[in-house]
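First up is the structure itself, then whatever we jot down about it.
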Amino acid sequence: MVGKVYIVGAGPGRKDLLTLRAYELIKKADVILHDELIGEVADLLKESKAEVINVGKRSGRHRKSQEEINEMLVEFAWKGKIVVRLKGGDPCVFGRGGEEAEYLAKHGIPFEFVPGISSAIAVPEAVGIPVTHRRYDPALVFITGRESRERLNWKALAELNATIVVLMGVGKIPDMSEKLIENGKDSETPVAVIEKGFSDEQRVLITKLGELAETAERENIEAPAVIVIGGVVELYSILSEFCRDDEEL
Ligand SMILES: C[S@@+](CC[C@H](N)C(=O)[O-])C[C@H]1O[C@@H](n2cnc3c(N)ncnc32)[C@H](O)[C@@H]1O
C-alpha cells in the first residue's frame, strides 16, 4: 500500500513555535527528510523513531538536488512509508513545497501540507517589528532575492504602498535597493535587516533604503536574513526594548 508524504513547516527555528500537528507527525514518521534551516527543531528529531535524512542545501554546498529529493519522496511513499518532508518556516513560502507537491501528485502519491510559521513574519515580529500596522502601508509583499530581478515588476513594487519583506535577499541588496530607488521608492524608507533570527547570533540592523547597500557591506551581513522595507520599521525604536523572549514561561 502506498504511504503518504507530509510537507511540513518547521517554523522559524524555535521548538515551541512548531505546530502540534508537526510535532505529532515527527513522532509518527518512518522517514524524515529535512532542510538545513530548522534550528532547534533538529533536537526534536531525536525523539522520533524515524530514519532522519538531512537533504538541506546551503549555497555552494548542495547535499541533494531537488530532483533527487523529489525521487526520494516518491520512492519512500511507494514503499508504504509515512514520510515527513520538513522545511524551515512554512513549506510553501519560498520553500518549494508546491513543487514537491506537484511532483507527488503527478506520481499519484497522497500528500498533505502542514503549515508552519514563516520566518517572513516571525523573524521581524520577534524583534519588535510587526509587518503590518494600521498607521503604515495597507499591503504586505513577500519577495525573494533569487531570480526576482528579471521577473519582478519593480516599478509596480516601488509605487505600491506596501511593506516589502525580502527573503533570500542578502546577496542582492545593492541591486535590489537600486532597482527600488530608480523606480521611485523613497530612499528615506526605513529598512531593517534581521540576521540569523531566533539564534544566539541574531543581529538587527536599522537603516534606510538609500544606505542599505553600504550598511550591508560595512556590517558584513550574512544569510539567513529577513529584510523589511517600509514604515513599520519605525516601530522597532518603540517596541524592541519591551519585546522580549528571554524569560521562561
Ligand atoms: C528558502 S527560504 C525559506 C523560507 C521559509 N519557507 C519560511 O517560510 O520561512 C530561506 C530564507 O528564509 C529566511 N530565513 C529563514 N530562517 C531565518 C532566520 N532564522 N533568520 C533570518 N532569516 C531567515 C532567509 O531570508 C532565508 O534566506
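Letters A, B, ... go to the chains of the C-alpha cells in the order shown; residues in each chain start at 1; ligands are counted from 1 in the same order.
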
All residues 12 Å or closer to Glu201 in chain A, only C-alpha atoms, same chain fewer than 2 positions away omitted, as a list in words: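 The neighbour list is Ile194, Glu195, Lys196, Gly197, Phe198, Ser199, Arg203, Val204, Ile221, Glu222, Ala223, Pro224 and Ala225 of chain A.
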
Residues from the last selection, C-alpha atoms, saved as a PDB file, in the first residue's frame:
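Generated output (out_2.pdb):
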ATOM      1  CA  ILE A 194      17.374  40.771  10.850  1.00  0.00           C
ATOM      2  CA  GLU A 195      20.194  38.304  10.510  1.00  0.00           C
ATOM      3  CA  LYS A 196      20.091  34.763  11.943  1.00  0.00           C
ATOM      4  CA  GLY A 197      16.763  35.284  13.689  1.00  0.00           C
ATOM      5  CA  PHE A 198      15.885  33.119  16.695  1.00  0.00           C
ATOM      6  CA  SER A 199      19.534  32.267  17.307  1.00  0.00           C
ATOM      7  CA  ARG A 203      21.604  40.810  14.766  1.00  0.00           C
ATOM      8  CA  VAL A 204      19.234  43.630  13.910  1.00  0.00           C
ATOM      9  CA  ILE A 221      25.587  40.885   6.641  1.00  0.00           C
ATOM     10  CA  GLU A 222      25.274  37.169   6.149  1.00  0.00           C
ATOM     11  CA  ALA A 223      22.440  34.818   5.260  1.00  0.00           C
ATOM     12  CA  PRO A 224      19.980  33.882   6.506  1.00  0.00           C
ATOM     13  CA  ALA A 225      18.389  37.272   6.945  1.00  0.00           C
TER      14      ALA A 225
END

Could you give me, as CSV, a per-residue list for chain A showing, wherever an atom lies at most 8 Å from an atom of ligand 1, the closest pair of atoms and their distance in Å to one decimal, using only C-alpha atoms and all ligand atoms and sorting by chain then residue number from low to high?
residue,atom,partner,partner_atom_place_in_ligand_line,distance
A:Gly9,CA,ligand 1,6 (N),7.4
A:Gly11,CA,ligand 1,9 (O),6.8
A:Pro12,CA,ligand 1,16 (N),5.5
A:Gly13,CA,ligand 1,19 (N),5.9
A:Leu37,CA,ligand 1,16 (N),6.1
A:Ile38,CA,ligand 1,16 (N),7.7
A:Gly39,CA,ligand 1,19 (N),7.4
A:Lys87,CA,ligand 1,6 (N),6.5
A:Gly88,CA,ligand 1,5 (C),4.9
A:Gly89,CA,ligand 1,7 (C),3.4
A:Asp90,CA,ligand 1,8 (O),3.8
A:Pro91,CA,ligand 1,6 (N),5.0
A:Cys92,CA,ligand 1,6 (N),6.1
A:Val93,CA,ligand 1,6 (N),4.5
A:Phe94,CA,ligand 1,3 (C),5.1
A:Gly95,CA,ligand 1,6 (N),4.1
A:Arg96,CA,ligand 1,6 (N),7.9
A:Gly116,CA,ligand 1,8 (O),7.2
A:Ile117,CA,ligand 1,8 (O),6.6
A:Ser118,CA,ligand 1,8 (O),3.5
A:Ser119,CA,ligand 1,9 (O),3.6
A:Ala120,CA,ligand 1,9 (O),5.5
A:Ile121,CA,ligand 1,9 (O),8.0
A:Val123,CA,ligand 1,20 (N),6.0
A:Thr144,CA,ligand 1,25 (O),7.8
A:Val166,CA,ligand 1,25 (O),6.5
A:Leu167,CA,ligand 1,25 (O),3.3
A:Met168,CA,ligand 1,27 (O),3.4
A:Gly169,CA,ligand 1,25 (O),6.2
A:Val170,CA,ligand 1,27 (O),7.5
A:Ile194,CA,ligand 1,21 (C),5.9
A:Glu195,CA,ligand 1,21 (C),5.0
A:Lys196,CA,ligand 1,20 (N),3.8
A:Gly197,CA,ligand 1,20 (N),3.5
A:Phe198,CA,ligand 1,19 (N),5.5
A:Ser199,CA,ligand 1,19 (N),6.9
A:Gln202,CA,ligand 1,20 (N),7.6
A:Ala223,CA,ligand 1,27 (O),5.8
A:Pro224,CA,ligand 1,24 (C),4.2
A:Ala225,CA,ligand 1,22 (N),3.6
A:Val226,CA,ligand 1,22 (N),4.5
A:Ile227,CA,ligand 1,25 (O),7.4

Range 22-188 of chain A: residues DSSP assigns to strand (DSSP E), reported as a PyMOL selection string: chain A and resi 31-34+51-54+57-58+61-62+82-87+111-114+139-144+162-167

Nearest-residue call for Asn220 in chain A, choices A:Ala50, A:Ile7, A:Leu205, A:Ala139, using only C-alpha atoms: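 That would be A:Leu205, the residue with the smallest distance to Asn220 in chain A.
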
Separation of CA of Lys172 in chain A from CA of Val232 in chain A in Å: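 Atom-to-atom, CA of Val232 in chain A and CA of Lys172 in chain A are spaced 21.9 Å apart.
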
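Neighbours of Arg134 in chain A closer than or equal to 12 Å, with only C-alpha atoms counted and sequence neighbours fewer than 2 positions away skipped, come out as Pro130, Val131, Thr132, Tyr136, Asp137, Pro138, Ala139, Leu140, Ala162, Thr163, Gly231, Val232 and Leu235 of chain A.
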
Which of A:Gly230, A:Gly171, A:Gly3, A:Pro110 sits closest to Ala192 in chain A [using only C-alpha atoms]: A:Gly230

Selected residue, from A:Ile69, A:Ile129, A:Ile53, A:Met176, that lies nearest to Val233 in chain A when counting only C-alpha atoms: A:Ile129

Got a sec: who's within 9 Å of Ala213 in chain A, counting only C-alpha atoms, leaving out chain neighbours fewer than 6 positions off, as a PDB file with N, CA and C atoms, in the first residue's frame?
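And here's part_9.pdb as it stands now:
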ATOM      1  N   ILE A 173      21.360  42.735  -2.208  1.00  0.00           N
ATOM      2  CA  ILE A 173      20.993  44.008  -1.576  1.00  0.00           C
ATOM      3  C   ILE A 173      21.290  45.235  -2.453  1.00  0.00           C
ATOM      4  N   PRO A 174      22.507  45.387  -2.990  1.00  0.00           N
ATOM      5  CA  PRO A 174      22.782  46.608  -3.773  1.00  0.00           C
ATOM      6  C   PRO A 174      21.852  46.725  -4.985  1.00  0.00           C
ATOM      7  N   ASP A 175      21.695  45.604  -5.666  1.00  0.00           N
ATOM      8  CA  ASP A 175      20.859  45.550  -6.843  1.00  0.00           C
ATOM      9  C   ASP A 175      19.403  45.911  -6.541  1.00  0.00           C
ATOM     10  N   MET A 176      18.927  45.321  -5.452  1.00  0.00           N
ATOM     11  CA  MET A 176      17.531  45.489  -5.072  1.00  0.00           C
ATOM     12  C   MET A 176      17.229  46.927  -4.647  1.00  0.00           C
ATOM     13  N   SER A 177      18.139  47.506  -3.833  1.00  0.00           N
ATOM     14  CA  SER A 177      17.877  48.883  -3.390  1.00  0.00           C
ATOM     15  C   SER A 177      17.919  49.840  -4.581  1.00  0.00           C
ATOM     16  N   GLU A 178      18.887  49.581  -5.471  1.00  0.00           N
ATOM     17  CA  GLU A 178      18.995  50.454  -6.648  1.00  0.00           C
ATOM     18  C   GLU A 178      17.714  50.376  -7.487  1.00  0.00           C
TER      19      GLU A 178
END

Residues within 7 Å of range 15-22 of chain A, only C-alpha atoms, excluding chain neighbours under 5 positions, as a list in words: Val8, Ala10, Glu40, Val41, Val114 and Gly116 of chain A

Among the residues A:Val127, A:Leu212, A:Ile206, A:Ala77, the one that comes closest to Val31 in chain A [using only C-alpha atoms]: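 Closest to Val31 in chain A, using only C-alpha atoms: A:Ala77.
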
Residue nearest Tyr23 in chain A - candidates A:His133, A:Glu71, A:Glu234, A:Leu86, atoms counted: only C-alpha atoms: A:Leu86

Best match for closeness to Lys49 in chain A among A:Asp186, A:Met72, A:Ile82, A:Gln66, counting only C-alpha atoms: A:Ile82

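Between CA of Arg244 in chain A and CA of Glu125 in chain A the interatomic distance comes to 10.5 Å.
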
Test item, alpha helix (DSSP H) assignment across range 7-231 of chain A, answer as number ranges by chain: A: 20-28, 41-44, 66-78, 97-106, 119-127, 148-151, 154-159, 173-182, 212-219

Write out, as a PDB file, in the first residue's frame, the residues just selected, with C-alpha atoms.
ATOM      1  CA  LEU A  20       1.363  20.434  17.480  1.00  0.00           C
ATOM      2  CA  ARG A  21       0.437  18.673  14.253  1.00  0.00           C
ATOM      3  CA  ALA A  22       4.023  18.889  13.026  1.00  0.00           C
ATOM      4  CA  TYR A  23       5.282  17.549  16.359  1.00  0.00           C
ATOM      5  CA  GLU A  24       2.869  14.589  16.234  1.00  0.00           C
ATOM      6  CA  LEU A  25       3.928  13.788  12.688  1.00  0.00           C
ATOM      7  CA  ILE A  26       7.616  13.932  13.573  1.00  0.00           C
ATOM      8  CA  LYS A  27       6.953  11.325  16.269  1.00  0.00           C
ATOM      9  CA  LYS A  28       4.850   9.151  13.937  1.00  0.00           C
ATOM     10  CA  VAL A  41      13.597  21.602  15.792  1.00  0.00           C
ATOM     11  CA  ALA A  42      16.572  19.406  14.876  1.00  0.00           C
ATOM     12  CA  ASP A  43      16.693  18.400  18.592  1.00  0.00           C
ATOM     13  CA  LEU A  44      13.128  17.114  18.418  1.00  0.00           C
ATOM     14  CA  GLN A  66      15.699  18.979  -5.924  1.00  0.00           C
ATOM     15  CA  GLU A  67      15.225  16.136  -8.428  1.00  0.00           C
ATOM     16  CA  GLU A  68      16.875  13.676  -6.045  1.00  0.00           C
ATOM     17  CA  ILE A  69      14.665  14.849  -3.185  1.00  0.00           C
ATOM     18  CA  ASN A  70      11.536  14.505  -5.322  1.00  0.00           C
ATOM     19  CA  GLU A  71      12.502  10.983  -6.261  1.00  0.00           C
ATOM     20  CA  MET A  72      13.311  10.008  -2.678  1.00  0.00           C
ATOM     21  CA  LEU A  73       9.870  11.193  -1.565  1.00  0.00           C
ATOM     22  CA  VAL A  74       8.171   9.097  -4.218  1.00  0.00           C
ATOM     23  CA  GLU A  75      10.293   6.027  -3.522  1.00  0.00           C
ATOM     24  CA  PHE A  76       9.695   6.109   0.227  1.00  0.00           C
ATOM     25  CA  ALA A  77       5.967   6.620  -0.302  1.00  0.00           C
ATOM     26  CA  TRP A  78       5.783   3.672  -2.709  1.00  0.00           C
ATOM     27  CA  GLY A  97       6.633  22.856  -1.066  1.00  0.00           C
ATOM     28  CA  GLY A  98       4.446  23.491  -4.086  1.00  0.00           C
ATOM     29  CA  GLU A  99       6.980  21.963  -6.463  1.00  0.00           C
ATOM     30  CA  GLU A 100       7.337  18.842  -4.378  1.00  0.00           C
ATOM     31  CA  ALA A 101       3.561  18.515  -4.063  1.00  0.00           C
ATOM     32  CA  GLU A 102       3.229  18.816  -7.826  1.00  0.00           C
ATOM     33  CA  TYR A 103       5.742  16.014  -8.314  1.00  0.00           C
ATOM     34  CA  LEU A 104       3.920  13.816  -5.804  1.00  0.00           C
ATOM     35  CA  ALA A 105       0.548  14.475  -7.421  1.00  0.00           C
ATOM     36  CA  LYS A 106       1.973  13.576 -10.833  1.00  0.00           C
ATOM     37  CA  SER A 119      10.291  33.478   9.061  1.00  0.00           C
ATOM     38  CA  ALA A 120       8.950  36.242   6.824  1.00  0.00           C
ATOM     39  CA  ILE A 121       6.568  37.224   9.607  1.00  0.00           C
ATOM     40  CA  ALA A 122       8.061  35.675  12.714  1.00  0.00           C
ATOM     41  CA  VAL A 123      11.643  36.924  12.460  1.00  0.00           C
ATOM     42  CA  PRO A 124      10.675  40.636  12.267  1.00  0.00           C
ATOM     43  CA  GLU A 125       7.856  40.178  14.793  1.00  0.00           C
ATOM     44  CA  ALA A 126      10.139  38.579  17.366  1.00  0.00           C
ATOM     45  CA  VAL A 127      12.384  41.641  17.452  1.00  0.00           C
ATOM     46  CA  SER A 148      13.445  38.216  -8.993  1.00  0.00           C
ATOM     47  CA  ARG A 149      15.491  40.837 -10.818  1.00  0.00           C
ATOM     48  CA  GLU A 150      14.165  39.960 -14.256  1.00  0.00           C
ATOM     49  CA  ARG A 151      10.716  38.668 -13.348  1.00  0.00           C
ATOM     50  CA  TRP A 154       9.990  46.817  -9.851  1.00  0.00           C
ATOM     51  CA  LYS A 155       8.065  49.906 -10.881  1.00  0.00           C
ATOM     52  CA  ALA A 156       4.797  48.463  -9.631  1.00  0.00           C
ATOM     53  CA  LEU A 157       6.503  47.323  -6.435  1.00  0.00           C
ATOM     54  CA  ALA A 158       8.150  50.696  -5.824  1.00  0.00           C
ATOM     55  CA  GLU A 159       4.849  52.518  -6.369  1.00  0.00           C
ATOM     56  CA  ILE A 173      20.993  44.008  -1.576  1.00  0.00           C
ATOM     57  CA  PRO A 174      22.782  46.608  -3.773  1.00  0.00           C
ATOM     58  CA  ASP A 175      20.859  45.550  -6.843  1.00  0.00           C
ATOM     59  CA  MET A 176      17.531  45.489  -5.072  1.00  0.00           C
ATOM     60  CA  SER A 177      17.877  48.883  -3.390  1.00  0.00           C
ATOM     61  CA  GLU A 178      18.995  50.454  -6.648  1.00  0.00           C
ATOM     62  CA  LYS A 179      16.017  48.982  -8.516  1.00  0.00           C
ATOM     63  CA  LEU A 180      13.548  50.223  -5.927  1.00  0.00           C
ATOM     64  CA  ILE A 181      15.018  53.728  -5.759  1.00  0.00           C
ATOM     65  CA  GLU A 182      15.357  54.150  -9.514  1.00  0.00           C
ATOM     66  CA  LEU A 212      21.126  49.774   2.812  1.00  0.00           C
ATOM     67  CA  ALA A 213      23.845  48.588   0.443  1.00  0.00           C
ATOM     68  CA  GLU A 214      26.557  50.484   2.303  1.00  0.00           C
ATOM     69  CA  THR A 215      25.309  49.234   5.695  1.00  0.00           C
ATOM     70  CA  ALA A 216      25.145  45.647   4.462  1.00  0.00           C
ATOM     71  CA  GLU A 217      28.685  45.813   3.171  1.00  0.00           C
ATOM     72  CA  ARG A 218      30.100  47.557   6.246  1.00  0.00           C
ATOM     73  CA  GLU A 219      28.377  45.190   8.663  1.00  0.00           C
TER      74      GLU A 219
END

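CA of Val84 in chain A is positioned 9.7 Å from CA of Glu112 in chain A.
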